[in-house]
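Participant: Right, I'll just put the structure down here and ask away after.
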Amino acid sequence: MNGLPGVGPGAGAPQGQGQYDPNDPNIKRLNAMMESCFGKAAVSGVMGFGMGGLFGMFMASMSYDTPFHGVPGAPGATQPITSLPLRQQLKVGFKDMGTRSYSTAKNFGLVGLMFAGIECGIEGYRAKNDMVNGAAAGCLTGGILARSGGPTAVAGGCAAFAAFSTAIDVWLRQPKEDE
């Protein structure tokens with residue numbers, strides 16, 4: 001016990017009730033939504049958008065670590081950002097950070113939405129929950145995302161996404177060690 005009142009298993013729940021009631025209609029609706037392919041894809045897309053936004057913000061903040069970074073929109077982009085006043089540097093930096101965050105968020109959200117939707121559809125079609133579903137969904141997702149690059153890009157995207165998906169599946173399906 002950690003010594004804090006009201007913290008621990010069942011904290012916030014009425015006395016004598018440690019779990020939620022599975023017969024509650026709201027819980028049933030939530031479970032049904034999360035078990036549907038549409039629900040899984042939507043949640044994955046929203047979570048991917050959020051994670052992509054954070055990742056884009058982080059990566060944009062790291063791009064200003066050298067004084068040779070040019071100011072976007074400057075003639076030839078040769079003017080170093082350090083030559084601007086602090087307020088202008090912040091304005092340029094935050095505008096660029098917002099643009100990059102939104103772009104990365106859209107990309108991550110699209111990947112999450114596509115992968116989860118395709119994997120759920122394959123799982124429903126095959127009526128199996130194994131690593132083949134993830135590998136096939138990774139291949140389809142990678143191929144679809146690379147379609148504008150031609151057949152070689154489609155094959156490369158398919159192979160890369162399938163390999164990454166399989167590696168993550170193998171890692172997630174490992175037996176957990178008890179400490």
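A note on labels: chains of the structure tokens are A, B, ... as shown, every chain counts residues from 1, and ligands are counted from 1 in their shown order.
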May I have a table of the residues of stretch 115-175 of chain A lying at most 9 Å from stretch 32-37 of chain A, giving each one's closest pair of atoms and their distance in Å to one decimal, counting only C-alpha atoms, ordered by chain and ascending residue number, as a Markdown table?
Facilitator:
```
| residue | atom | partner | partner_atom | distance |
| --- | --- | --- | --- | --- |
| A:Ala116 | CA | A:Cys37 | CA | 7.7 |
| A:Gly117 | CA | A:Cys37 | CA | 5.8 |
| A:Ile118 | CA | A:Cys37 | CA | 8.5 |
| A:Glu119 | CA | A:Cys37 | CA | 8.7 |
| A:Cys120 | CA | A:Cys37 | CA | 5.5 |
| A:Gly121 | CA | A:Cys37 | CA | 6.7 |
| A:Gly124 | CA | A:Cys37 | CA | 8.7 |
```
Participant: What's around A:Val132 at 10 Å? Count only C-alpha atoms, leave out sequence neighbours fewer than 2 positions away in its own chain, and write the answer as a PDB file with N, CA and C atoms, in the first residue's frame.
Facilitator:
```pdb
ATOM      1  N   GLU A 119      -5.577  -4.065 -41.190  1.00  0.00           N
ATOM      2  CA  GLU A 119      -5.314  -5.243 -40.354  1.00  0.00           C
ATOM      3  C   GLU A 119      -6.609  -5.820 -39.793  1.00  0.00           C
ATOM      4  N   ILE A 122      -8.410  -7.670 -42.592  1.00  0.00           N
ATOM      5  CA  ILE A 122      -7.774  -8.955 -42.882  1.00  0.00           C
ATOM      6  C   ILE A 122      -8.071  -9.957 -41.772  1.00  0.00           C
ATOM      7  N   GLU A 123      -8.003  -9.500 -40.528  1.00  0.00           N
ATOM      8  CA  GLU A 123      -8.291 -10.389 -39.399  1.00  0.00           C
ATOM      9  C   GLU A 123      -9.726 -10.894 -39.449  1.00  0.00           C
ATOM     10  N   ARG A 126      -9.923 -13.461 -42.438  1.00  0.00           N
ATOM     11  CA  ARG A 126      -9.246 -14.733 -42.176  1.00  0.00           C
ATOM     12  C   ARG A 126      -9.779 -15.426 -40.927  1.00  0.00           C
ATOM     13  N   LYS A 128      -8.643 -15.194 -38.016  1.00  0.00           N
ATOM     14  CA  LYS A 128      -7.485 -15.601 -37.222  1.00  0.00           C
ATOM     15  C   LYS A 128      -6.797 -14.358 -36.694  1.00  0.00           C
ATOM     16  N   ASN A 129      -6.160 -14.501 -35.536  1.00  0.00           N
ATOM     17  CA  ASN A 129      -5.377 -13.416 -34.963  1.00  0.00           C
ATOM     18  C   ASN A 129      -3.944 -13.900 -34.847  1.00  0.00           C
ATOM     19  N   ASP A 130      -3.155 -13.672 -35.901  1.00  0.00           N
ATOM     20  CA  ASP A 130      -1.762 -14.094 -35.896  1.00  0.00           C
ATOM     21  C   ASP A 130      -0.901 -13.025 -36.576  1.00  0.00           C
ATOM     22  N   GLY A 134      -0.742  -8.792 -39.473  1.00  0.00           N
ATOM     23  CA  GLY A 134       0.067  -7.579 -39.388  1.00  0.00           C
ATOM     24  C   GLY A 134       1.014  -7.429 -40.559  1.00  0.00           C
ATOM     25  N   ALA A 135       1.629  -8.552 -40.966  1.00  0.00           N
ATOM     26  CA  ALA A 135       2.551  -8.494 -42.106  1.00  0.00           C
ATOM     27  C   ALA A 135       1.809  -8.116 -43.390  1.00  0.00           C
ATOM     28  N   ALA A 136       0.651  -8.704 -43.615  1.00  0.00           N
ATOM     29  CA  ALA A 136      -0.127  -8.383 -44.812  1.00  0.00           C
ATOM     30  C   ALA A 136      -0.622  -6.938 -44.773  1.00  0.00           C
ATOM     31  N   ALA A 137      -1.078  -6.498 -43.592  1.00  0.00           N
ATOM     32  CA  ALA A 137      -1.536  -5.109 -43.469  1.00  0.00           C
ATOM     33  C   ALA A 137      -0.374  -4.147 -43.667  1.00  0.00           C
ATOM     34  N   GLY A 138       0.797  -4.496 -43.151  1.00  0.00           N
ATOM     35  CA  GLY A 138       1.974  -3.652 -43.357  1.00  0.00           C
ATOM     36  C   GLY A 138       2.340  -3.569 -44.827  1.00  0.00           C
ATOM     37  N   ALA A 162       5.977  -4.331 -44.075  1.00  0.00           N
ATOM     38  CA  ALA A 162       5.715  -5.703 -43.630  1.00  0.00           C
ATOM     39  C   ALA A 162       6.791  -6.160 -42.654  1.00  0.00           C
ATOM     40  N   SER A 165       6.296  -4.238 -39.327  1.00  0.00           N
ATOM     41  CA  SER A 165       5.113  -4.743 -38.646  1.00  0.00           C
ATOM     42  C   SER A 165       5.368  -6.118 -38.042  1.00  0.00           C
ATOM     43  N   THR A 166       6.059  -6.972 -38.775  1.00  0.00           N
ATOM     44  CA  THR A 166       6.374  -8.306 -38.271  1.00  0.00           C
ATOM     45  C   THR A 166       7.311  -8.215 -37.073  1.00  0.00           C
ATOM     46  N   ASP A 169       5.274  -7.124 -34.133  1.00  0.00           N
ATOM     47  CA  ASP A 169       4.418  -8.243 -33.703  1.00  0.00           C
ATOM     48  C   ASP A 169       5.211  -9.294 -32.938  1.00  0.00           C
TER      49      ASP A 169
END
```
Participant: So which one's closest to A:Met114, A:Val170, A:Ile81, A:Ala159, A:Val46? Using only C-alpha atoms, please.
Facilitator: A:Val46
Participant: As JSON, numbers by chain, please: the residues near A:Gly50 (cut-off 12 Å, only C-alpha atoms, same-chain neighbours under 2 positions excluded).
Facilitator: {"A": [43, 44, 45, 46, 47, 48, 52, 53, 54, 55, 56, 57, 101, 102, 103, 104, 105, 106, 107, 108, 109, 110, 112]}
Participant: Write out, as a short mmCIF file (atom, residue, chain, number, x, y, z; two decimals), in the first residue's frame, the residues just selected, with all heavy atoms.
Facilitator:
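Output contents, as saved in again23.cif:
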```
data_model
loop_
_atom_site.label_atom_id
_atom_site.label_comp_id
_atom_site.auth_asym_id
_atom_site.auth_seq_id
_atom_site.Cartn_x
_atom_site.Cartn_y
_atom_site.Cartn_z
N VAL A 43 -9.68 5.24 -33.79
CA VAL A 43 -8.85 5.47 -32.61
C VAL A 43 -7.37 5.49 -33.01
O VAL A 43 -6.60 6.33 -32.54
CB VAL A 43 -9.14 4.41 -31.52
CG1 VAL A 43 -8.09 4.43 -30.44
CG2 VAL A 43 -10.51 4.64 -30.93
N SER A 44 -6.96 4.58 -33.87
CA SER A 44 -5.57 4.55 -34.32
C SER A 44 -5.21 5.82 -35.10
O SER A 44 -4.10 6.34 -34.95
CB SER A 44 -5.31 3.33 -35.18
OG SER A 44 -5.44 2.16 -34.42
N GLY A 45 -6.12 6.30 -35.90
CA GLY A 45 -5.86 7.53 -36.65
C GLY A 45 -5.73 8.73 -35.73
O GLY A 45 -4.82 9.56 -35.90
N VAL A 46 -6.59 8.83 -34.73
CA VAL A 46 -6.52 9.95 -33.79
C VAL A 46 -5.25 9.87 -32.95
O VAL A 46 -4.56 10.88 -32.74
CB VAL A 46 -7.79 9.98 -32.90
CG1 VAL A 46 -7.63 10.96 -31.75
CG2 VAL A 46 -9.00 10.35 -33.74
N MET A 47 -4.93 8.67 -32.48
CA MET A 47 -3.71 8.50 -31.68
C MET A 47 -2.46 8.76 -32.54
O MET A 47 -1.50 9.37 -32.07
CB MET A 47 -3.65 7.10 -31.08
CG MET A 47 -4.75 6.81 -30.08
SD MET A 47 -4.72 7.89 -28.65
CE MET A 47 -3.32 7.22 -27.80
N GLY A 48 -2.48 8.31 -33.78
CA GLY A 48 -1.36 8.59 -34.68
C GLY A 48 -1.22 10.08 -34.95
O GLY A 48 -0.10 10.61 -35.00
N GLY A 52 2.05 11.97 -33.93
CA GLY A 52 2.75 12.64 -35.02
C GLY A 52 2.93 14.12 -34.74
O GLY A 52 3.98 14.69 -35.07
N GLY A 53 1.95 14.74 -34.13
CA GLY A 53 2.08 16.15 -33.77
C GLY A 53 3.19 16.37 -32.76
O GLY A 53 4.00 17.30 -32.89
N LEU A 54 3.26 15.51 -31.76
CA LEU A 54 4.34 15.62 -30.77
C LEU A 54 5.70 15.34 -31.40
O LEU A 54 6.68 16.04 -31.12
CB LEU A 54 4.09 14.66 -29.61
CG LEU A 54 2.89 14.98 -28.73
CD1 LEU A 54 2.66 13.87 -27.71
CD2 LEU A 54 3.08 16.32 -28.03
N PHE A 55 5.77 14.32 -32.23
CA PHE A 55 7.02 13.98 -32.90
C PHE A 55 7.46 15.11 -33.83
O PHE A 55 8.64 15.48 -33.86
CB PHE A 55 6.86 12.67 -33.68
CG PHE A 55 8.13 12.18 -34.32
CD1 PHE A 55 9.14 11.64 -33.55
CD2 PHE A 55 8.30 12.26 -35.68
CE1 PHE A 55 10.31 11.19 -34.14
CE2 PHE A 55 9.45 11.81 -36.28
CZ PHE A 55 10.47 11.27 -35.51
N GLY A 56 6.53 15.67 -34.59
CA GLY A 56 6.85 16.78 -35.48
C GLY A 56 7.32 18.00 -34.72
O GLY A 56 8.25 18.70 -35.14
N MET A 57 6.71 18.26 -33.57
CA MET A 57 7.12 19.40 -32.75
C MET A 57 8.55 19.20 -32.25
O MET A 57 9.38 20.11 -32.28
CB MET A 57 6.16 19.56 -31.57
CG MET A 57 6.38 20.82 -30.77
SD MET A 57 5.26 20.97 -29.38
CE MET A 57 3.69 20.85 -30.17
N SER A 101 4.64 20.21 -37.38
CA SER A 101 3.86 19.34 -36.49
C SER A 101 2.58 18.89 -37.16
O SER A 101 2.22 17.71 -37.09
CB SER A 101 3.51 20.08 -35.19
OG SER A 101 4.66 20.32 -34.44
N TYR A 102 1.89 19.81 -37.81
CA TYR A 102 0.64 19.46 -38.46
C TYR A 102 0.87 18.49 -39.61
O TYR A 102 0.13 17.52 -39.79
CB TYR A 102 -0.07 20.73 -38.96
CG TYR A 102 -1.41 20.46 -39.58
CD1 TYR A 102 -2.46 19.96 -38.81
CD2 TYR A 102 -1.62 20.67 -40.93
CE1 TYR A 102 -3.70 19.69 -39.38
CE2 TYR A 102 -2.86 20.42 -41.50
CZ TYR A 102 -3.88 19.93 -40.73
OH TYR A 102 -5.09 19.67 -41.30
N SER A 103 1.94 18.73 -40.39
CA SER A 103 2.25 17.83 -41.50
C SER A 103 2.58 16.43 -41.01
O SER A 103 2.07 15.44 -41.55
CB SER A 103 3.43 18.40 -42.30
OG SER A 103 3.83 17.51 -43.30
N THR A 104 3.41 16.33 -39.98
CA THR A 104 3.77 15.02 -39.43
C THR A 104 2.56 14.36 -38.80
O THR A 104 2.38 13.14 -38.92
CB THR A 104 4.91 15.16 -38.41
OG1 THR A 104 5.98 15.88 -39.01
CG2 THR A 104 5.41 13.82 -37.94
N ALA A 105 1.73 15.13 -38.13
CA ALA A 105 0.53 14.59 -37.50
C ALA A 105 -0.40 13.98 -38.55
O ALA A 105 -0.95 12.88 -38.35
CB ALA A 105 -0.20 15.67 -36.71
N LYS A 106 -0.60 14.67 -39.67
CA LYS A 106 -1.44 14.13 -40.73
C LYS A 106 -0.88 12.81 -41.26
O LYS A 106 -1.62 11.86 -41.48
CB LYS A 106 -1.58 15.13 -41.88
CG LYS A 106 -2.46 16.31 -41.59
CD LYS A 106 -2.76 17.13 -42.82
CE LYS A 106 -1.53 17.53 -43.57
NZ LYS A 106 -1.79 18.41 -44.72
N ASN A 107 0.42 12.77 -41.46
CA ASN A 107 1.04 11.55 -41.99
C ASN A 107 0.93 10.38 -41.02
O ASN A 107 0.55 9.27 -41.40
CB ASN A 107 2.51 11.81 -42.34
CG ASN A 107 2.67 12.73 -43.52
OD1 ASN A 107 1.79 12.82 -44.37
ND2 ASN A 107 3.77 13.44 -43.57
N PHE A 108 1.24 10.61 -39.75
CA PHE A 108 1.14 9.55 -38.75
C PHE A 108 -0.31 9.10 -38.58
O PHE A 108 -0.58 7.91 -38.42
CB PHE A 108 1.69 10.02 -37.40
CG PHE A 108 3.17 9.86 -37.23
CD1 PHE A 108 4.06 10.34 -38.18
CD2 PHE A 108 3.69 9.26 -36.11
CE1 PHE A 108 5.43 10.21 -38.02
CE2 PHE A 108 5.05 9.12 -35.93
CZ PHE A 108 5.92 9.59 -36.88
N GLY A 109 -1.23 10.05 -38.59
CA GLY A 109 -2.65 9.71 -38.47
C GLY A 109 -3.12 8.86 -39.63
O GLY A 109 -3.84 7.88 -39.45
N LEU A 110 -2.69 9.20 -40.83
CA LEU A 110 -3.07 8.42 -42.01
C LEU A 110 -2.50 7.01 -41.94
O LEU A 110 -3.20 6.03 -42.22
CB LEU A 110 -2.58 9.11 -43.29
CG LEU A 110 -2.87 8.39 -44.60
CD1 LEU A 110 -4.38 8.32 -44.84
CD2 LEU A 110 -2.18 9.08 -45.76
N GLY A 112 -1.63 5.31 -39.22
CA GLY A 112 -2.34 4.58 -38.18
C GLY A 112 -3.73 4.15 -38.60
O GLY A 112 -4.13 3.01 -38.38
#
```
Participant: Contacts of stretch 149-156 of chain A at 10 Å or less, counting only C-alpha atoms, minus same-chain residues fewer than 6 places along, as a ChimeraX atom specification?
Facilitator: /A:139-143,162
Participant: Limited to N, CA and C atoms, could you put the picked residues into a file as a PDB file, in the first residue's frame?
Facilitator:
```pdb
ATOM      1  N   CYS A 139       2.287  -4.705 -45.515  1.00  0.00           N
ATOM      2  CA  CYS A 139       2.609  -4.727 -46.942  1.00  0.00           C
ATOM      3  C   CYS A 139       1.623  -3.861 -47.734  1.00  0.00           C
ATOM      4  N   LEU A 140       0.336  -4.028 -47.471  1.00  0.00           N
ATOM      5  CA  LEU A 140      -0.668  -3.231 -48.181  1.00  0.00           C
ATOM      6  C   LEU A 140      -0.539  -1.743 -47.866  1.00  0.00           C
ATOM      7  N   THR A 141      -0.345  -1.420 -46.587  1.00  0.00           N
ATOM      8  CA  THR A 141      -0.218  -0.016 -46.193  1.00  0.00           C
ATOM      9  C   THR A 141       1.008   0.615 -46.845  1.00  0.00           C
ATOM     10  N   GLY A 142       2.148  -0.070 -46.766  1.00  0.00           N
ATOM     11  CA  GLY A 142       3.365   0.462 -47.385  1.00  0.00           C
ATOM     12  C   GLY A 142       3.231   0.616 -48.883  1.00  0.00           C
ATOM     13  N   GLY A 143       2.612  -0.353 -49.529  1.00  0.00           N
ATOM     14  CA  GLY A 143       2.409  -0.265 -50.970  1.00  0.00           C
ATOM     15  C   GLY A 143       1.483   0.875 -51.359  1.00  0.00           C
ATOM     16  N   ALA A 162       5.977  -4.331 -44.075  1.00  0.00           N
ATOM     17  CA  ALA A 162       5.715  -5.703 -43.630  1.00  0.00           C
ATOM     18  C   ALA A 162       6.791  -6.160 -42.654  1.00  0.00           C
TER      19      ALA A 162
END
```
Participant: So how far away is atom CA of A:Met62 from atom CA of A:Phe115, in Å?
Facilitator: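 Separation of atom CA of A:Phe115 and atom CA of A:Met62: 28.5 Å.
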Participant: Pick from A:Glu177, A:Asp96, A:Met131, A:Tyr125: nearest to A:Ala163, with only C-alpha atoms counted?
Facilitator: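 Answer, going by the shortest atom-to-atom distance: A:Met131.
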Participant: Quick check, in Å to one decimal: how far apart do atom CA of A:Gly93 and atom CA of A:Met59 lie?
Facilitator: 11.9 Å
Participant: Would you mind writing down, as a ChimeraX atom specification, each residue of chain A that DSSP on the backbone assigns to helix (DSSP H, G or I)?
Facilitator: /A:25-35,37-62,75-77,81-83,86-126,131-145,147-149,151-172
Participant: Give the answer as one residue: which of A:Asn133, A:Met97, A:Ala160, A:Asn23 has the shortest atom-to-atom distance to A:Ala146, using only C-alpha atoms?
Facilitator: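 Looking only at the distances to A:Ala146, the closest residue turns out to be A:Ala160.
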Participant: With distances taken over only C-alpha atoms, which residue among A:Leu145, A:Asn31, A:Ala41, A:Pro22 lies nearest A:Leu113?
Facilitator: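 The closest residue to A:Leu113 is A:Ala41.
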